[in-house]
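**Student:** Just data.cif, nothing more (mmCIF, C-alpha atoms):
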```cif
data_my_file
loop_
_atom_site.label_atom_id
_atom_site.label_comp_id
_atom_site.auth_asym_id
_atom_site.auth_seq_id
_atom_site.Cartn_x
_atom_site.Cartn_y
_atom_site.Cartn_z
CA MET A 1 -4.10 -14.91 -3.62
CA ARG A 2 -2.24 -11.69 -3.06
CA PHE A 3 -2.40 -9.71 0.16
CA MET A 4 -1.23 -6.30 1.23
CA VAL A 5 0.12 -6.27 4.76
CA ILE A 6 -0.16 -2.74 6.13
CA VAL A 7 2.17 -1.73 8.95
CA HIS A 8 0.45 0.94 11.00
CA ALA A 9 2.23 4.11 12.02
CA SER A 10 3.15 4.90 15.62
CA LYS A 11 4.53 7.94 17.44
CA ASP A 12 8.02 6.58 16.69
CA THR A 13 7.54 6.08 12.95
CA GLU A 14 5.85 9.48 12.71
CA ALA A 15 8.83 11.05 14.50
CA GLY A 16 11.08 9.53 11.83
CA ALA A 17 12.84 7.24 14.34
CA MET A 18 14.55 4.25 12.73
CA PRO A 19 14.25 0.78 14.28
CA SER A 20 17.30 -0.60 16.12
CA THR A 21 19.96 -2.43 14.10
CA GLU A 22 18.89 -5.56 15.98
CA LEU A 23 15.29 -5.26 14.78
CA LEU A 24 16.39 -4.39 11.24
CA THR A 25 18.57 -7.48 11.13
CA ALA A 26 15.69 -9.68 12.38
CA MET A 27 13.37 -8.08 9.82
CA GLY A 28 15.94 -8.68 7.06
CA LYS A 29 16.07 -12.35 8.02
CA PHE A 30 12.26 -12.58 8.03
CA ASN A 31 12.08 -10.94 4.58
CA GLU A 32 14.71 -13.33 3.26
CA GLU A 33 12.64 -16.30 4.45
CA MET A 34 9.56 -14.94 2.71
CA VAL A 35 11.53 -14.32 -0.50
CA LYS A 36 12.99 -17.84 -0.43
CA ALA A 37 9.49 -19.28 0.08
CA GLY A 38 8.32 -17.31 -2.98
CA VAL A 39 5.87 -15.33 -0.82
CA MET A 40 7.21 -11.77 -0.76
CA GLN A 41 6.70 -9.56 -3.82
CA ALA A 42 7.43 -6.11 -2.45
CA GLY A 43 8.11 -4.26 0.77
CA GLU A 44 8.40 -0.52 1.26
CA GLY A 45 8.61 1.99 4.07
CA LEU A 46 7.01 5.42 3.87
CA HIS A 47 8.33 8.75 5.08
CA PRO A 48 6.31 10.22 8.00
CA THR A 49 3.11 12.12 7.22
CA SER A 50 4.94 15.39 8.08
CA LYS A 51 6.31 15.11 4.52
CA GLY A 52 2.94 14.09 3.09
CA ALA A 53 -0.30 15.71 1.99
CA ARG A 54 -3.97 14.83 1.70
CA ILE A 55 -6.30 15.67 -1.16
CA LYS A 56 -9.98 15.63 -0.29
CA PHE A 57 -12.66 15.26 -2.94
CA SER A 58 -16.14 16.37 -1.98
CA GLY A 59 -17.71 17.88 -5.02
CA GLY A 60 -16.00 21.11 -6.25
CA ASP A 61 -12.24 21.58 -6.40
CA PRO A 62 -10.08 19.04 -4.55
CA VAL A 63 -8.79 20.50 -1.27
CA VAL A 64 -5.13 19.95 -0.34
CA THR A 65 -4.06 19.66 3.32
CA GLN A 66 -0.38 19.46 4.27
CA GLY A 67 0.86 16.87 6.80
CA PRO A 68 1.54 15.91 9.54
CA PHE A 69 -1.70 14.11 10.36
CA PRO A 70 -2.73 12.97 13.90
CA VAL A 71 -1.41 9.53 14.88
CA THR A 72 -4.37 7.16 14.82
CA ASP A 73 -4.69 3.44 14.13
CA ASP A 74 -5.37 4.33 10.54
CA LEU A 75 -2.06 5.89 9.46
CA ILE A 76 0.36 3.76 7.46
CA ALA A 77 4.12 3.42 7.97
CA GLY A 78 4.90 0.74 5.40
CA PHE A 79 3.69 -2.41 3.68
CA TRP A 80 4.45 -5.78 2.16
CA LEU A 81 2.81 -7.40 -0.85
CA ILE A 82 2.71 -11.17 -0.46
CA ASP A 83 1.40 -14.05 -2.55
CA VAL A 84 0.02 -17.01 -0.56
CA LYS A 85 -2.68 -19.70 -0.85
CA SER A 86 -5.07 -18.36 1.78
CA LYS A 87 -5.76 -15.66 4.37
CA ASP A 88 -4.74 -18.18 7.04
CA GLU A 89 -1.35 -18.60 5.40
CA ALA A 90 -0.97 -14.81 5.27
CA ILE A 91 -1.79 -14.61 9.00
CA ALA A 92 0.59 -17.47 9.80
CA TRP A 93 3.48 -15.70 8.04
CA MET A 94 2.75 -12.39 9.71
CA LYS A 95 2.51 -13.83 13.22
CA ARG A 96 6.19 -14.67 12.74
CA ALA A 97 7.16 -11.08 11.92
CA PRO A 98 9.76 -9.90 14.45
CA PHE A 99 7.84 -6.88 15.75
CA ASP A 100 8.35 -5.69 19.28
CA GLY A 101 5.56 -4.47 21.58
CA GLY A 102 3.03 -1.99 20.28
CA ALA A 103 3.16 -2.76 16.57
CA GLU A 104 -0.02 -3.61 14.71
CA ILE A 105 -0.45 -4.80 11.15
CA GLU A 106 -3.47 -5.24 8.92
CA ILE A 107 -3.88 -7.97 6.30
CA ARG A 108 -6.00 -7.11 3.25
CA GLN A 109 -6.68 -9.18 0.15
CA ILE A 110 -5.79 -7.53 -3.17
CA PHE A 111 -8.40 -7.53 -5.93
CA ALA A 112 -7.63 -9.90 -8.80
CA THR A 113 -9.21 -9.50 -12.24
CA GLU A 114 -11.60 -12.40 -11.63
CA ASP A 115 -12.97 -10.74 -8.46
CA PHE A 116 -14.68 -8.00 -10.44
CA GLY A 117 -17.21 -10.26 -12.15
CA GLU A 118 -19.47 -8.60 -14.71
CA ALA A 119 -18.50 -5.06 -13.74
CA LEU A 120 -15.27 -5.71 -15.61
CA THR A 121 -16.42 -5.62 -19.22
CA PRO A 122 -14.22 -7.15 -21.95
CA GLU A 123 -13.13 -3.59 -22.89
CA LEU A 124 -12.11 -2.76 -19.30
CA ARG A 125 -10.32 -6.10 -19.02
CA GLU A 126 -8.31 -5.38 -22.16
CA GLN A 127 -7.53 -1.87 -20.89
CA GLU A 128 -6.39 -3.37 -17.58
CA GLU A 129 -4.05 -5.80 -19.36
CA ARG A 130 -2.58 -2.98 -21.45
CA LEU A 131 -2.04 -1.00 -18.27
CA ARG A 132 -0.26 -3.85 -16.47
CA SER A 133 2.09 -4.57 -19.38
CA GLY A 134 2.76 -0.82 -19.72
CA THR A 135 3.65 -0.37 -16.04
CA ALA A 136 6.02 -3.35 -16.28
CA LYS A 137 7.82 -1.41 -19.04
CA ASN A 138 7.89 1.78 -16.93
CA THR A 139 9.40 -0.21 -14.05
CA ALA A 140 11.92 -1.99 -16.28
CA ARG A 141 13.21 1.37 -17.57
CA LYS A 142 14.22 2.49 -14.09
CA MET B 1 11.09 10.27 -6.26
CA ARG B 2 8.58 7.54 -5.57
CA PHE B 3 5.27 8.40 -3.93
CA MET B 4 2.29 6.35 -2.81
CA MET B 5 -1.12 7.81 -3.57
CA LEU B 6 -3.23 6.11 -0.90
CA MET B 7 -6.93 6.02 -1.74
CA ILE B 8 -9.09 6.34 1.40
CA PRO B 9 -12.79 5.95 0.53
CA LEU B 10 -14.78 7.07 3.59
CA GLY B 11 -17.41 4.43 4.34
CA TYR B 12 -15.30 1.54 3.00
CA GLU B 13 -14.48 0.60 6.62
CA THR B 14 -17.97 -0.93 6.90
CA ALA B 15 -18.30 -2.33 3.35
CA PRO B 16 -19.56 -5.93 3.08
CA PRO B 17 -17.28 -8.65 1.64
CA ASP B 18 -19.24 -8.75 -1.65
CA VAL B 19 -19.03 -4.98 -2.28
CA GLN B 20 -19.48 -4.12 -5.97
CA LEU B 21 -17.78 -1.40 -7.99
CA ASP B 22 -19.77 1.16 -9.93
CA PRO B 23 -18.96 0.43 -13.63
CA ALA B 24 -19.03 4.14 -14.60
CA ALA B 25 -16.63 5.06 -11.78
CA ALA B 26 -14.38 2.12 -12.71
CA ALA B 27 -14.26 3.25 -16.36
CA ALA B 28 -13.35 6.84 -15.36
CA MET B 29 -10.65 5.52 -13.06
CA MET B 30 -9.20 3.29 -15.79
CA LYS B 31 -8.91 6.30 -18.06
CA TYR B 32 -6.99 8.16 -15.35
CA ASN B 33 -4.79 5.10 -14.79
CA GLU B 34 -3.97 5.05 -18.49
CA GLU B 35 -3.00 8.72 -18.37
CA LEU B 36 -0.62 7.97 -15.50
CA GLN B 37 0.85 5.08 -17.43
CA GLN B 38 1.21 6.98 -20.71
CA ALA B 39 2.99 9.81 -18.88
CA GLY B 40 5.49 7.18 -17.65
CA VAL B 41 4.82 7.93 -13.97
CA LEU B 42 2.87 4.81 -12.96
CA ILE B 43 4.92 2.07 -11.26
CA THR B 44 2.09 -0.04 -9.90
CA LEU B 45 -1.48 0.09 -8.60
CA GLU B 46 -3.72 -2.25 -6.62
CA GLY B 47 -7.22 -2.35 -5.16
CA LEU B 48 -7.99 -3.93 -1.79
CA HIS B 49 -10.96 -6.02 -0.72
CA PRO B 50 -12.86 -4.44 2.20
CA PRO B 51 -11.60 -4.89 5.78
CA SER B 52 -14.57 -7.20 6.50
CA MET B 53 -12.49 -9.82 4.64
CA GLY B 54 -9.24 -8.87 6.36
CA ALA B 55 -7.51 -9.39 9.69
CA ARG B 56 -5.30 -7.48 12.09
CA VAL B 57 -2.35 -8.86 14.01
CA SER B 58 -1.38 -6.94 17.12
CA PHE B 59 2.01 -7.39 18.78
CA ALA B 60 1.17 -5.16 21.74
CA GLY B 61 1.50 -7.87 24.40
CA GLY B 62 4.65 -9.41 22.93
CA LYS B 63 2.66 -12.34 21.55
CA PRO B 64 0.75 -11.83 18.28
CA VAL B 65 -3.04 -11.54 18.69
CA VAL B 66 -5.22 -11.97 15.59
CA SER B 67 -8.61 -10.25 15.17
CA ASP B 68 -10.82 -10.65 12.11
CA GLY B 69 -12.29 -7.66 10.29
CA PRO B 70 -14.30 -5.49 10.11
CA PHE B 71 -12.67 -3.36 12.79
CA ALA B 72 -15.22 -1.40 14.82
CA GLU B 73 -12.95 1.37 16.11
CA VAL B 74 -11.52 2.29 12.70
CA LYS B 75 -12.56 5.54 10.99
CA GLU B 76 -10.58 5.35 7.76
CA VAL B 77 -9.27 2.42 5.74
CA LEU B 78 -7.23 1.99 2.63
CA GLY B 79 -9.18 1.08 -0.50
CA GLY B 80 -6.22 0.88 -2.84
CA PHE B 81 -3.08 2.65 -3.95
CA TRP B 82 -0.94 3.83 -6.81
CA MET B 83 2.84 4.00 -6.69
CA ILE B 84 4.19 6.72 -8.95
CA ASP B 85 7.59 8.08 -9.88
CA VAL B 86 7.64 11.86 -10.28
CA ALA B 87 10.13 14.72 -10.02
CA SER B 88 8.63 16.34 -6.90
CA ARG B 89 5.99 16.22 -4.19
CA ASP B 90 4.13 19.02 -6.00
CA GLU B 91 3.92 16.87 -9.12
CA ALA B 92 2.51 14.00 -7.03
CA ILE B 93 -0.15 16.35 -5.61
CA ALA B 94 -0.98 17.67 -9.09
CA TRP B 95 -1.55 14.10 -10.33
CA ALA B 96 -3.73 13.27 -7.30
CA LYS B 97 -5.90 16.35 -7.89
CA ARG B 98 -6.68 15.06 -11.40
CA CYS B 99 -8.05 11.77 -10.05
CA PRO B 100 -11.77 11.24 -10.82
CA ALA B 101 -12.40 10.45 -7.15
CA GLY B 102 -15.93 10.49 -5.76
CA PRO B 103 -17.25 12.71 -2.97
CA ASN B 104 -15.92 11.68 0.46
CA GLU B 105 -12.80 10.13 -1.00
CA ILE B 106 -9.37 11.19 0.20
CA ILE B 107 -6.00 10.58 -1.40
CA GLU B 108 -3.00 10.69 0.91
CA ILE B 109 0.38 11.38 -0.68
CA ARG B 110 3.37 9.71 0.99
CA GLN B 111 6.97 9.58 -0.14
CA VAL B 112 8.51 6.11 -0.32
CA GLN B 113 11.78 5.63 1.55
CA GLU B 114 14.82 4.98 -0.64
CA MET B 115 18.11 3.40 0.43
CA ALA B 116 19.83 6.82 0.27
CA ASP B 117 17.39 8.17 2.90
CA PHE B 118 18.80 5.85 5.59
CA SER B 119 21.82 6.34 7.87
CA PRO B 120 25.01 4.35 7.03
CA GLU B 121 24.26 1.93 9.92
CA VAL B 122 20.77 1.20 8.59
CA GLN B 123 22.02 0.90 5.02
CA HIS B 124 24.54 -1.66 6.25
CA ALA B 125 21.77 -3.70 7.92
CA LEU B 126 19.78 -3.61 4.67
CA VAL B 127 22.62 -4.77 2.39
CA GLY B 128 21.32 -7.10 -0.33
CA TYR B 129 17.65 -6.16 0.20
CA GLU B 130 17.06 -4.44 -3.14
CA GLU B 131 18.87 -7.17 -5.07
CA MET B 132 16.85 -9.81 -3.21
CA LEU B 133 13.58 -8.13 -4.19
CA ALA B 134 14.72 -7.66 -7.78
CA GLN B 135 15.30 -11.41 -7.92
CA THR B 136 11.75 -12.19 -6.75
CA ARG B 137 10.35 -9.89 -9.41
CA ARG B 138 12.38 -11.68 -12.10
CA ALA B 139 11.27 -15.12 -10.87
#
```
What would you get if you wrote out this structure as structure tokens?

**Tutor:**
Amino acid sequence: MRFMVIVHASKDTEAGAMPSTELLTAMGKFNEEMVKAGVMQAGEGLHPTSKGARIKFSGGDPVVTQGPFPVTDDLIAGFWLIDVKSKDEAIAWMKRAPFDGGAEIEIRQIFATEDFGEALTPELREQEERLRSGTAKNTARK
Amino acid sequence: MRFMMLMIPLGYETAPPDVQLDPAAAAAMMKYNEELQQAGVLITLEGLHPPSMGARVSFAGGKPVVSDGPFAEVKEVLGGFWMIDVASRDEAIAWAKRCPAGPNEIIEIRQVQEMADFSPEVQHALVGYEEMLAQTRRA
């Protein structure tokens, strides 16, 4: 099962402050452990919402709003994608993450093809497979 | 430049674990996904199960505290994301505007941090990170 681990934004991340070298080193070590265990697939940090935008769909033309957005529990600062056997294993890994006080992360299961059931018709399934192999090529070109 | 297009479907914060997709909406979205892919901008995309199946880990007190979803106080949650590679932020916004999103859906555009965005000290602390990840993808 694959999970997305969402690292929530804080006043610090939104201000563009970088973590201390000490924390970065601890995080690097934690990532290395997850990679060696075959758990970690990706990890990225996002620029603050001051450099972002939102597009709202509510019928007519989509409406664009420029960042920054208010710091709530719902803003994202970064994420991992991990592959583990269960939600419990995902939680167990993340409890070991070397965060200092204040940080909060959210663990969410990623949809797999088999989760869609009958809504995923054979045509959609084939389209999905084409898409995945095509994105792999896009990534490989970079 | 890499950008995340974060899909925020309002109402998904209270969706039950067995939430079902609308086949017509899924088909329209797949067509859009194919356009992204054929334009060579799509790096990856994923959909997330609702927060009622998820968990949060808070490090506020120094020791991690786990709470199971759904999360009562939350107003917006992530439903899925695309990662795209485009020439500018404007191009990312233009792609997002073409998404066949439903009413009450929001897409948030966020630039992904690259190694070159970090200070020399931070880059030093992150030495080997990209290579390490490349290895996992090859495995």

**Student:** When the PyMOL selection byres ((chain B) within 7 of (chain A)) is applied to the file above, which residues end up in the set, as number ranges by chain?

**Tutor:** B: 21, 23, 34, 37, 40, 42-44, 46-49, 51, 54-62, 64, 74, 76-77, 97, 101-113, 122, 125-126, 133, 136-137

**Student:** Report, in Å with one decimal, the straight-line distance from atom CA of Ala94 of chain B to atom CA of Glu14 of chain A.

**Tutor:** 24.3 Å

**Student:** Give me, please, the distance in Å between atom CA of Thr14 of chain B and atom CA of Phe81 of chain B, quoted to one decimal.

**Tutor:**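 Distance reported for this atom pair: 18.8 Å.
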
**Student:** So the first atom is atom CA of Lys29 of chain A and the second is atom CA of Met1 of chain A; what is the distance between them in Å, to one decimal place?

**Tutor:**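 Computing the Euclidean distance for atom CA of Lys29 of chain A and atom CA of Met1 of chain A yields 23.4 Å.
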
**Student:** I'd like the residues picked by the PyMOL selection byres ((chain B and resi 50) around 7) written out as a CSV table (one decimal) with C-alpha atoms, keeping the file's coordinate frame, using the chain letters and numbers from the file.

**Tutor:**
```csv
chain,number,residue,atom,x,y,z
B,12,TYR,CA,-15.3,1.5,3.0
B,13,GLU,CA,-14.5,0.6,6.6
B,15,ALA,CA,-18.3,-2.3,3.4
B,16,PRO,CA,-19.6,-5.9,3.1
B,17,PRO,CA,-17.3,-8.6,1.6
B,48,LEU,CA,-8.0,-3.9,-1.8
B,49,HIS,CA,-11.0,-6.0,-0.7
B,51,PRO,CA,-11.6,-4.9,5.8
B,52,SER,CA,-14.6,-7.2,6.5
B,53,MET,CA,-12.5,-9.8,4.6
```

**Student:** Report as an MDAnalysis selection string the residues that result from applying the PyMOL selection byres ((chain B and resi 91) around 12) to the structure here.

**Tutor:** (chainID A and resid 53) or (chainID B and resid 1:3 5 36 41 84:90 92:98 109 111)

**Student:** Next, write the just-selected residues to a file, as an mmCIF file, in the coordinates of the input, keeping C-alpha atoms as the atom set.

**Tutor:**
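Below is the file result_27.cif, written as the result:
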```
data_model
loop_
_atom_site.group_PDB
_atom_site.id
_atom_site.type_symbol
_atom_site.label_atom_id
_atom_site.label_comp_id
_atom_site.auth_asym_id
_atom_site.auth_seq_id
_atom_site.Cartn_x
_atom_site.Cartn_y
_atom_site.Cartn_z
ATOM 1 C CA ALA A 53 -0.300 15.710 1.990
ATOM 2 C CA MET B 1 11.090 10.270 -6.260
ATOM 3 C CA ARG B 2 8.580 7.540 -5.570
ATOM 4 C CA PHE B 3 5.270 8.400 -3.930
ATOM 5 C CA MET B 5 -1.120 7.810 -3.570
ATOM 6 C CA LEU B 36 -0.620 7.970 -15.500
ATOM 7 C CA VAL B 41 4.820 7.930 -13.970
ATOM 8 C CA ILE B 84 4.190 6.720 -8.950
ATOM 9 C CA ASP B 85 7.590 8.080 -9.880
ATOM 10 C CA VAL B 86 7.640 11.860 -10.280
ATOM 11 C CA ALA B 87 10.130 14.720 -10.020
ATOM 12 C CA SER B 88 8.630 16.340 -6.900
ATOM 13 C CA ARG B 89 5.990 16.220 -4.190
ATOM 14 C CA ASP B 90 4.130 19.020 -6.000
ATOM 15 C CA ALA B 92 2.510 14.000 -7.030
ATOM 16 C CA ILE B 93 -0.150 16.350 -5.610
ATOM 17 C CA ALA B 94 -0.980 17.670 -9.090
ATOM 18 C CA TRP B 95 -1.550 14.100 -10.330
ATOM 19 C CA ALA B 96 -3.730 13.270 -7.300
ATOM 20 C CA LYS B 97 -5.900 16.350 -7.890
ATOM 21 C CA ARG B 98 -6.680 15.060 -11.400
ATOM 22 C CA ILE B 109 0.380 11.380 -0.680
ATOM 23 C CA GLN B 111 6.970 9.580 -0.140
#
```

**Student:** Which one of A:Lys85, A:Glu129, A:Trp80, A:Thr113 sits closest to Phe30 of chain A if you count all atoms listed in the file?

**Tutor:**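 So, comparing all the options, the nearest one is A:Trp80.
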
**Student:** What would segment 43-74 of chain A look like with N, CA and C atoms restored, written as a short mmCIF file (atom, residue, chain, number, x, y, z; two decimals), in the frame of the given file?

**Tutor:**
```
data_model
loop_
_atom_site.label_atom_id
_atom_site.label_comp_id
_atom_site.auth_asym_id
_atom_site.auth_seq_id
_atom_site.Cartn_x
_atom_site.Cartn_y
_atom_site.Cartn_z
N GLY A 43 8.16 -4.79 -0.59
CA GLY A 43 8.11 -4.26 0.77
C GLY A 43 8.68 -2.86 0.74
N GLU A 44 7.95 -1.90 1.29
CA GLU A 44 8.40 -0.52 1.26
C GLU A 44 8.08 0.16 2.57
N GLY A 45 8.89 1.13 2.93
CA GLY A 45 8.61 1.99 4.07
C GLY A 45 8.26 3.38 3.56
N LEU A 46 7.42 4.08 4.29
CA LEU A 46 7.01 5.42 3.87
C LEU A 46 7.59 6.48 4.81
N HIS A 47 7.93 7.61 4.25
CA HIS A 47 8.33 8.75 5.08
C HIS A 47 7.15 9.17 5.95
N PRO A 48 7.40 9.79 7.11
CA PRO A 48 6.31 10.22 8.00
C PRO A 48 5.33 11.16 7.29
N THR A 49 4.13 11.28 7.85
CA THR A 49 3.11 12.12 7.22
C THR A 49 3.49 13.61 7.25
N SER A 50 4.49 13.98 8.07
CA SER A 50 4.94 15.39 8.08
C SER A 50 5.45 15.79 6.69
N LYS A 51 5.86 14.81 5.89
CA LYS A 51 6.31 15.11 4.52
C LYS A 51 5.21 14.82 3.50
N GLY A 52 4.02 14.49 3.99
CA GLY A 52 2.94 14.09 3.09
C GLY A 52 1.87 15.15 2.93
N ALA A 53 0.83 14.80 2.22
CA ALA A 53 -0.30 15.71 1.99
C ALA A 53 -1.56 14.87 1.79
N ARG A 54 -2.71 15.50 1.99
CA ARG A 54 -3.97 14.83 1.70
C ARG A 54 -4.78 15.67 0.72
N ILE A 55 -5.44 15.01 -0.19
CA ILE A 55 -6.30 15.67 -1.16
C ILE A 55 -7.70 15.14 -0.93
N LYS A 56 -8.61 16.05 -0.59
CA LYS A 56 -9.98 15.63 -0.29
C LYS A 56 -10.91 16.02 -1.43
N PHE A 57 -11.71 15.06 -1.85
CA PHE A 57 -12.66 15.26 -2.94
C PHE A 57 -14.06 15.29 -2.34
N SER A 58 -14.79 16.36 -2.54
CA SER A 58 -16.14 16.37 -1.98
C SER A 58 -17.07 17.19 -2.85
N GLY A 59 -16.90 17.06 -4.14
CA GLY A 59 -17.71 17.88 -5.02
C GLY A 59 -16.77 18.82 -5.75
N GLY A 60 -16.83 20.10 -5.57
CA GLY A 60 -16.00 21.11 -6.25
C GLY A 60 -14.53 20.78 -6.42
N ASP A 61 -13.67 21.76 -6.21
CA ASP A 61 -12.24 21.58 -6.40
C ASP A 61 -11.67 20.72 -5.27
N PRO A 62 -10.72 19.82 -5.60
CA PRO A 62 -10.08 19.04 -4.55
C PRO A 62 -9.33 19.96 -3.58
N VAL A 63 -9.42 19.66 -2.30
CA VAL A 63 -8.79 20.50 -1.27
C VAL A 63 -7.53 19.81 -0.74
N VAL A 64 -6.41 20.52 -0.78
CA VAL A 64 -5.13 19.95 -0.34
C VAL A 64 -4.82 20.36 1.09
N THR A 65 -4.49 19.39 1.95
CA THR A 65 -4.06 19.66 3.32
C THR A 65 -2.65 19.11 3.49
N GLN A 66 -1.76 19.92 4.07
CA GLN A 66 -0.38 19.46 4.27
C GLN A 66 -0.28 18.67 5.57
N GLY A 67 0.61 17.64 5.59
CA GLY A 67 0.86 16.87 6.80
C GLY A 67 1.60 17.72 7.82
N PRO A 68 1.85 17.26 9.05
CA PRO A 68 1.54 15.91 9.54
C PRO A 68 0.06 15.73 9.90
N PHE A 69 -0.35 14.46 9.97
CA PHE A 69 -1.70 14.11 10.36
C PHE A 69 -1.65 13.42 11.73
N PRO A 70 -2.75 13.54 12.54
CA PRO A 70 -2.73 12.97 13.90
C PRO A 70 -2.48 11.45 13.86
N VAL A 71 -1.69 10.97 14.81
CA VAL A 71 -1.41 9.53 14.88
C VAL A 71 -2.65 8.80 15.35
N THR A 72 -3.23 8.01 14.46
CA THR A 72 -4.37 7.16 14.82
C THR A 72 -4.00 5.75 14.39
N ASP A 73 -4.93 4.81 14.58
CA ASP A 73 -4.69 3.44 14.13
C ASP A 73 -4.69 3.35 12.62
N ASP A 74 -5.11 4.43 11.97
CA ASP A 74 -5.37 4.33 10.54
C ASP A 74 -4.21 4.81 9.67
#
```
